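Participant: Let me begin by handing over the structure; questions about it come next.
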2 protein chains.
Amino acid sequence: MVDLDDPALSDDLHEAIEQFYFAYRGFTDRPDRILERRGLGRVHHRILYFIGRRPDVSVRGLLDLLAVSKQALNAPLRQLMEMGLVGAEAGVEDRRVKNLRLTASGRKLEAELTEAQTRHLRAAFDRAGAEAHAGWTAVMAELVKG
Amino acid sequence: MVDLDDPALSDDLHEAIEQFYFAYRGFTDRPDRILERRGLGRVHHRILYFIGRRPDVSVRGLLDLLAVSKQALNAPLRQLMEMGLVGAEAGVEDRRVKNLRLTASGRKLEAELTEAQTRHLRAAFDRAGAEAHAGWTAVMAELVKG
DNA sequence: CTAAAGTGTCAACATGGTTGACCTGGATGA
DNA sequence: TCATCCAGGTCAACCATGTTGACACTTTAG
């Protein structure tokens, strides 16, 4: 059992570390379970997610977002294209670049996965209140910047 | 380049997903870099951290906290004991259980690693303000519960 | 024409996790 | 007392995800 009310956790910054760890773990394992039923992994989710959010992103752009090597990206991306979830088109200005987009079925899977996470987040925001929601967002923005 | 101000990110719940992802990534890679200089990994950090926060935790307790198999825990834990960073004592009531504790040098390394993360968090909390800090904590608590 | 950039792919390797099987030794209840 | 359960340790096979290095191809740009 995970007891976050343990009296040993006095320092609130230490508590924040644990909250971050456990919250993130809970945040990722729902979509993970959906994915593993299809033989896909977390990488595939991240790829689907970012292509969905940034249509026509290039392979290079994806690499920078995910901060992985192109070799690590290549296999799962190709797999998603072979499964018909992601489509690619040569760029108009520069025909070397591939503009990546979700297909209809890609959008469907992406929505299913992301929905699991947004439902989780929305529930927490609702319970904590609008003010807390705003505070959370502000702190997260600082963490991303810093 | 990671551009979180991209106009495509309209839905704030989607933005929250990205913030969570990028914030967590930034949060973990500082201690990771300290560790890799000593040939240790993130697992070792988590072990040191939780033993530090919950002195006399048992191996079983650690397994439940980390949610990994005992085989995954065994090697890094043994390594930490061989390095003299973690000590163990047989339990008084039940002599099967091992009560794990940090040694002096274990506490030193743990403090160094954790300090990197608390400094990061403290900076974000300071910039975002006390109210935002409270909101962040409230939302995180809900996420851990949910 | 040449250099650089975007993409693709092969190979070798490291890490960190899994499950299954089996062992020791201490606790415990019929 | 004896059978059984539980904490812990260890071996083996396996898998997912990542890395670097090297090389090829196409296209763009100087």
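The chains in the structure tokens are called A, B, ... from first to last as shown; in each chain the residues are counted from 1, and the ligands are counted from 1 in the order shown.
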Could you give me, as a ChimeraX atom specification, the residues within 12 Å of DA24 in chain D, counting only C-alpha atoms (C1' of nucleotides) and dropping anything in the same chain fewer than 6 positions from it?
Facilitator: /C:7-10
Participant: DSSP on the backbone: which residues in range 16-83 of chain A end up as alpha helix (DSSP H)? Give the answer as a PyMOL selection string.
Facilitator: chain A and resi 16-36+42-53+59-66+70-82
Participant: If we count only C-alpha atoms (C1' of nucleotides), what is near Arg60 in chain B at a cut-off of 9 Å, once residues fewer than 6 positions away on the same chain are taken out, given as a VMD selection string?
Facilitator: (chain B and resid 70 97 to 98) or (chain D and resid 7 to 8)
Participant: Put those residues in a file: all heavy atoms, as a PDB file, in the first residue's frame.
Facilitator:
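Generated output (result02.pdb):
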```
ATOM      1  N   LYS B  70      10.087  -8.184  -7.625  1.00  0.00           N
ATOM      2  CA  LYS B  70      11.223  -8.274  -6.710  1.00  0.00           C
ATOM      3  C   LYS B  70      12.527  -8.507  -7.462  1.00  0.00           C
ATOM      4  O   LYS B  70      13.586  -8.091  -7.021  1.00  0.00           O
ATOM      5  CB  LYS B  70      10.993  -9.370  -5.664  1.00  0.00           C
ATOM      6  CG  LYS B  70      10.871 -10.752  -6.216  1.00  0.00           C
ATOM      7  CD  LYS B  70      10.698 -11.781  -5.113  1.00  0.00           C
ATOM      8  CE  LYS B  70      10.462 -13.160  -5.728  1.00  0.00           C
ATOM      9  NZ  LYS B  70      10.406 -14.220  -4.706  1.00  0.00           N
ATOM     10  N   VAL B  97      11.838 -10.230   7.948  1.00  0.00           N
ATOM     11  CA  VAL B  97      11.843  -8.949   7.234  1.00  0.00           C
ATOM     12  C   VAL B  97      13.147  -8.193   7.486  1.00  0.00           C
ATOM     13  O   VAL B  97      13.742  -8.290   8.563  1.00  0.00           O
ATOM     14  CB  VAL B  97      10.626  -8.056   7.609  1.00  0.00           C
ATOM     15  CG1 VAL B  97       9.360  -8.886   7.708  1.00  0.00           C
ATOM     16  CG2 VAL B  97      10.876  -7.272   8.855  1.00  0.00           C
ATOM     17  N   LYS B  98      13.568  -7.478   6.456  1.00  0.00           N
ATOM     18  CA  LYS B  98      14.759  -6.657   6.558  1.00  0.00           C
ATOM     19  C   LYS B  98      14.332  -5.206   6.666  1.00  0.00           C
ATOM     20  O   LYS B  98      13.582  -4.725   5.822  1.00  0.00           O
ATOM     21  CB  LYS B  98      15.627  -6.823   5.306  1.00  0.00           C
ATOM     22  CG  LYS B  98      16.424  -8.100   5.299  1.00  0.00           C
ATOM     23  CD  LYS B  98      16.994  -8.366   3.931  1.00  0.00           C
ATOM     24  CE  LYS B  98      18.292  -7.619   3.696  1.00  0.00           C
ATOM     25  NZ  LYS B  98      18.961  -8.106   2.461  1.00  0.00           N
TER      26      LYS B  98
ATOM     27  P    DA D   7       4.808 -11.356   3.263  1.00  0.00           P
ATOM     28  OP1  DA D   7       4.218 -10.222   3.974  1.00  0.00           O
ATOM     29  OP2  DA D   7       4.494 -11.609   1.837  1.00  0.00           O
ATOM     30  O5'  DA D   7       6.390 -11.280   3.408  1.00  0.00           O
ATOM     31  C5'  DA D   7       6.931 -11.141   4.701  1.00  0.00           C
ATOM     32  C4'  DA D   7       8.439 -11.140   4.621  1.00  0.00           C
ATOM     33  O4'  DA D   7       8.890 -12.478   4.367  1.00  0.00           O
ATOM     34  C3'  DA D   7       8.998 -10.270   3.497  1.00  0.00           C
ATOM     35  O3'  DA D   7      10.064  -9.490   4.011  1.00  0.00           O
ATOM     36  C2'  DA D   7       9.479 -11.258   2.451  1.00  0.00           C
ATOM     37  C1'  DA D   7       9.768 -12.517   3.271  1.00  0.00           C
ATOM     38  N9   DA D   7       9.474 -13.749   2.535  1.00  0.00           N
ATOM     39  C8   DA D   7       8.322 -14.024   1.856  1.00  0.00           C
ATOM     40  N7   DA D   7       8.312 -15.206   1.292  1.00  0.00           N
ATOM     41  C5   DA D   7       9.543 -15.738   1.613  1.00  0.00           C
ATOM     42  C6   DA D   7      10.150 -16.966   1.315  1.00  0.00           C
ATOM     43  N6   DA D   7       9.560 -17.915   0.577  1.00  0.00           N
ATOM     44  N1   DA D   7      11.397 -17.196   1.789  1.00  0.00           N
ATOM     45  C2   DA D   7      11.973 -16.239   2.531  1.00  0.00           C
ATOM     46  N3   DA D   7      11.505 -15.036   2.890  1.00  0.00           N
ATOM     47  C4   DA D   7      10.281 -14.856   2.394  1.00  0.00           C
ATOM     48  P    DG D   8      10.819  -8.529   3.034  1.00  0.00           P
ATOM     49  OP1  DG D   8      11.546  -7.572   3.883  1.00  0.00           O
ATOM     50  OP2  DG D   8       9.899  -8.051   1.996  1.00  0.00           O
ATOM     51  O5'  DG D   8      11.892  -9.483   2.354  1.00  0.00           O
ATOM     52  C5'  DG D   8      12.927 -10.007   3.158  1.00  0.00           C
ATOM     53  C4'  DG D   8      13.717 -11.010   2.368  1.00  0.00           C
ATOM     54  O4'  DG D   8      12.854 -12.044   1.878  1.00  0.00           O
ATOM     55  C3'  DG D   8      14.414 -10.456   1.129  1.00  0.00           C
ATOM     56  O3'  DG D   8      15.795 -10.461   1.397  1.00  0.00           O
ATOM     57  C2'  DG D   8      14.050 -11.436   0.012  1.00  0.00           C
ATOM     58  C1'  DG D   8      13.508 -12.619   0.781  1.00  0.00           C
ATOM     59  N9   DG D   8      12.564 -13.428   0.034  1.00  0.00           N
ATOM     60  C8   DG D   8      11.293 -13.083  -0.347  1.00  0.00           C
ATOM     61  N7   DG D   8      10.680 -14.028  -1.018  1.00  0.00           N
ATOM     62  C5   DG D   8      11.618 -15.050  -1.089  1.00  0.00           C
ATOM     63  C6   DG D   8      11.536 -16.314  -1.704  1.00  0.00           C
ATOM     64  O6   DG D   8      10.588 -16.805  -2.326  1.00  0.00           O
ATOM     65  N1   DG D   8      12.717 -17.041  -1.536  1.00  0.00           N
ATOM     66  C2   DG D   8      13.831 -16.599  -0.863  1.00  0.00           C
ATOM     67  N2   DG D   8      14.874 -17.421  -0.797  1.00  0.00           N
ATOM     68  N3   DG D   8      13.917 -15.406  -0.280  1.00  0.00           N
ATOM     69  C4   DG D   8      12.782 -14.690  -0.436  1.00  0.00           C
TER      70       DG D   8
END
```
Participant: Would you list the contacts of DA11 in chain C as a ChimeraX atom specification, taking every protein, DNA or RNA residue within 12 Å and counting only C-alpha atoms (C1' of nucleotides), but skipping same-chain residues closer than 6 positions in sequence?
Facilitator: /A:71 /D:20-23
Participant: Considering only C-alpha atoms (C1' of nucleotides), extract the chain B residues located within 12 Å of chain D and return them as a PyMOL selection string.
Facilitator: chain B and resi 58-61+63+70-75+77-78+90-91+94-99
Participant: Check the smallest atom-to-atom distance from each of B:His44, B:Arg127, B:His14, B:Arg107 to chain C using only C-alpha atoms (C1' of nucleotides), then report the winner.
Facilitator: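 Among B:His44, B:Arg127, B:His14, B:Arg107, it is B:His44 that comes nearest to chain C.
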Participant: Name the residues in contact with Glu110 in chain A at a cut-off of 9 Å, using only C-alpha atoms (C1' of nucleotides), excluding same-chain residues fewer than 5 positions from it; report them as a CSV table (one decimal) with N, CA and C atoms, in the first residue's frame.
Facilitator:
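Output below, filename around.csv:
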```
chain,number,residue,atom,x,y,z
A,45,HIS,N,2.0,6.1,-28.6
A,45,HIS,CA,1.0,7.1,-28.1
A,45,HIS,C,1.6,8.5,-28.2
A,48,LEU,N,1.4,9.5,-31.9
A,48,LEU,CA,0.1,9.8,-32.3
A,48,LEU,C,-0.4,11.2,-31.7
A,49,TYR,N,0.0,11.3,-30.4
A,49,TYR,CA,-0.5,12.6,-29.8
A,49,TYR,C,0.1,13.8,-30.4
A,52,GLY,N,-1.2,14.5,-33.8
A,52,GLY,CA,-2.5,15.0,-33.7
A,52,GLY,C,-2.6,16.5,-33.3
A,102,LEU,N,-2.5,12.5,-39.0
A,102,LEU,CA,-3.3,11.3,-38.6
A,102,LEU,C,-4.3,11.0,-39.7
A,105,SER,N,-8.7,6.8,-38.9
A,105,SER,CA,-8.6,5.8,-37.8
A,105,SER,C,-7.5,6.2,-36.8
A,115,GLU,N,-8.4,10.7,-24.4
A,115,GLU,CA,-9.6,10.9,-23.6
A,115,GLU,C,-9.4,10.3,-22.2
```
Participant: May I have the residues of chain C within 12 Å of chain B, counting only C-alpha atoms (C1' of nucleotides), written as a PDB file with N, CA, C and O atoms (P, O5', C5', C4', C3', O3' and C1' of nucleotides), in the first residue's frame?
Facilitator:
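See part-v6.pdb below for the written result:
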```pdb
ATOM      1  P    DA C  14      27.332  -3.507 -23.876  1.00  0.00           P
ATOM      2  O5'  DA C  14      26.200  -2.579 -23.242  1.00  0.00           O
ATOM      3  C5'  DA C  14      26.301  -1.168 -23.417  1.00  0.00           C
ATOM      4  C4'  DA C  14      25.151  -0.506 -22.718  1.00  0.00           C
ATOM      5  C3'  DA C  14      24.838  -1.115 -21.347  1.00  0.00           C
ATOM      6  O3'  DA C  14      24.691  -0.055 -20.433  1.00  0.00           O
ATOM      7  C1'  DA C  14      22.895  -1.157 -22.731  1.00  0.00           C
ATOM      8  P    DT C  15      24.468  -0.353 -18.876  1.00  0.00           P
ATOM      9  O5'  DT C  15      22.897  -0.125 -18.723  1.00  0.00           O
ATOM     10  C5'  DT C  15      22.309   0.969 -19.389  1.00  0.00           C
ATOM     11  C4'  DT C  15      20.824   0.914 -19.154  1.00  0.00           C
ATOM     12  C3'  DT C  15      20.446   0.377 -17.777  1.00  0.00           C
ATOM     13  O3'  DT C  15      19.586   1.329 -17.220  1.00  0.00           O
ATOM     14  C1'  DT C  15      19.220  -0.712 -19.480  1.00  0.00           C
ATOM     15  P    DG C  16      19.165   1.295 -15.675  1.00  0.00           P
ATOM     16  O5'  DG C  16      17.702   0.675 -15.795  1.00  0.00           O
ATOM     17  C5'  DG C  16      16.771   1.289 -16.666  1.00  0.00           C
ATOM     18  C4'  DG C  16      15.556   0.403 -16.752  1.00  0.00           C
ATOM     19  C3'  DG C  16      15.189  -0.268 -15.418  1.00  0.00           C
ATOM     20  O3'  DG C  16      13.806  -0.103 -15.224  1.00  0.00           O
ATOM     21  C1'  DG C  16      15.361  -1.878 -17.107  1.00  0.00           C
ATOM     22  P    DG C  17      13.222  -0.298 -13.731  1.00  0.00           P
ATOM     23  O5'  DG C  17      12.299  -1.617 -13.837  1.00  0.00           O
ATOM     24  C5'  DG C  17      11.095  -1.541 -14.429  1.00  0.00           C
ATOM     25  C4'  DG C  17      10.845  -2.629 -15.453  1.00  0.00           C
ATOM     26  C3'  DG C  17      10.427  -4.007 -14.939  1.00  0.00           C
ATOM     27  O3'  DG C  17       9.131  -3.987 -14.386  1.00  0.00           O
ATOM     28  C1'  DG C  17      11.725  -4.160 -16.905  1.00  0.00           C
ATOM     29  P    DT C  18       8.630  -5.139 -13.426  1.00  0.00           P
ATOM     30  O5'  DT C  18       8.177  -6.318 -14.430  1.00  0.00           O
ATOM     31  C5'  DT C  18       7.341  -6.014 -15.541  1.00  0.00           C
ATOM     32  C4'  DT C  18       7.285  -7.236 -16.448  1.00  0.00           C
ATOM     33  C3'  DT C  18       6.990  -8.542 -15.724  1.00  0.00           C
ATOM     34  O3'  DT C  18       5.582  -8.756 -15.685  1.00  0.00           O
ATOM     35  C1'  DT C  18       8.849  -8.805 -17.215  1.00  0.00           C
ATOM     36  P    DT C  19       4.952  -9.709 -14.557  1.00  0.00           P
ATOM     37  O5'  DT C  19       4.967 -11.195 -15.142  1.00  0.00           O
ATOM     38  C5'  DT C  19       5.336 -11.431 -16.456  1.00  0.00           C
ATOM     39  C4'  DT C  19       5.540 -12.914 -16.713  1.00  0.00           C
ATOM     40  C3'  DT C  19       5.061 -13.896 -15.652  1.00  0.00           C
ATOM     41  O3'  DT C  19       4.504 -15.036 -16.293  1.00  0.00           O
ATOM     42  C1'  DT C  19       7.429 -14.071 -15.883  1.00  0.00           C
ATOM     43  P    DG C  20       3.858 -16.244 -15.426  1.00  0.00           P
ATOM     44  O5'  DG C  20       5.069 -17.270 -15.240  1.00  0.00           O
ATOM     45  C5'  DG C  20       5.805 -17.670 -16.371  1.00  0.00           C
ATOM     46  C4'  DG C  20       6.852 -18.689 -15.964  1.00  0.00           C
ATOM     47  C3'  DG C  20       6.438 -19.586 -14.798  1.00  0.00           C
ATOM     48  O3'  DG C  20       6.842 -20.919 -15.106  1.00  0.00           O
ATOM     49  C1'  DG C  20       8.478 -18.524 -14.282  1.00  0.00           C
ATOM     50  P    DT C  24      17.356 -25.270  -0.139  1.00  0.00           P
ATOM     51  O5'  DT C  24      17.412 -23.973   0.783  1.00  0.00           O
ATOM     52  C5'  DT C  24      18.469 -23.036   0.613  1.00  0.00           C
ATOM     53  C4'  DT C  24      18.222 -21.850   1.529  1.00  0.00           C
ATOM     54  C3'  DT C  24      17.929 -22.260   2.971  1.00  0.00           C
ATOM     55  O3'  DT C  24      18.865 -21.615   3.818  1.00  0.00           O
ATOM     56  C1'  DT C  24      16.280 -20.716   2.177  1.00  0.00           C
ATOM     57  P    DG C  25      18.998 -22.086   5.388  1.00  0.00           P
ATOM     58  O5'  DG C  25      17.976 -21.126   6.134  1.00  0.00           O
ATOM     59  C5'  DG C  25      18.108 -19.724   5.999  1.00  0.00           C
ATOM     60  C4'  DG C  25      16.898 -19.061   6.595  1.00  0.00           C
ATOM     61  C3'  DG C  25      16.490 -19.645   7.956  1.00  0.00           C
ATOM     62  O3'  DG C  25      16.147 -18.565   8.782  1.00  0.00           O
ATOM     63  C1'  DG C  25      14.657 -19.648   6.507  1.00  0.00           C
ATOM     64  P    DG C  26      16.267 -18.703  10.404  1.00  0.00           P
ATOM     65  O5'  DG C  26      14.891 -18.011  10.837  1.00  0.00           O
ATOM     66  C5'  DG C  26      14.679 -16.668  10.421  1.00  0.00           C
ATOM     67  C4'  DG C  26      13.212 -16.382  10.402  1.00  0.00           C
ATOM     68  C3'  DG C  26      12.481 -16.672  11.720  1.00  0.00           C
ATOM     69  O3'  DG C  26      11.608 -15.599  11.981  1.00  0.00           O
ATOM     70  C1'  DG C  26      11.441 -17.839   9.954  1.00  0.00           C
ATOM     71  P    DA C  27      10.755 -15.546  13.323  1.00  0.00           P
ATOM     72  O5'  DA C  27       9.309 -15.907  12.755  1.00  0.00           O
ATOM     73  C5'  DA C  27       8.648 -14.940  11.930  1.00  0.00           C
ATOM     74  C4'  DA C  27       7.236 -15.374  11.661  1.00  0.00           C
ATOM     75  C3'  DA C  27       6.350 -15.626  12.880  1.00  0.00           C
ATOM     76  O3'  DA C  27       5.085 -15.083  12.589  1.00  0.00           O
ATOM     77  C1'  DA C  27       6.437 -17.573  11.551  1.00  0.00           C
ATOM     78  P    DT C  28       3.971 -14.890  13.755  1.00  0.00           P
ATOM     79  O5'  DT C  28       2.696 -15.615  13.112  1.00  0.00           O
ATOM     80  C5'  DT C  28       2.862 -16.398  11.927  1.00  0.00           C
ATOM     81  C4'  DT C  28       1.837 -17.515  11.909  1.00  0.00           C
ATOM     82  C3'  DT C  28       1.144 -17.788  13.248  1.00  0.00           C
ATOM     83  O3'  DT C  28      -0.191 -18.166  12.995  1.00  0.00           O
ATOM     84  C1'  DT C  28       2.172 -19.727  12.506  1.00  0.00           C
TER      85       DT C  28
END
```
Participant: Set the distance at 10 Å and use only C-alpha atoms (C1' of nucleotides): which residues neighbour range 19-35 of chain B once local chain neighbours fewer than 4 positions away are removed? I'd like the list as JSON, numbers by chain.
Facilitator: {"A": [17, 20, 21, 23, 24, 27, 28, 46, 65, 66, 137, 139, 140, 141, 142, 143, 144, 145, 146], "B": [2, 4, 13, 14, 15, 39, 40, 41, 42, 43, 44, 45, 109, 110, 112, 113, 114, 115, 116, 117, 118, 120, 121]}
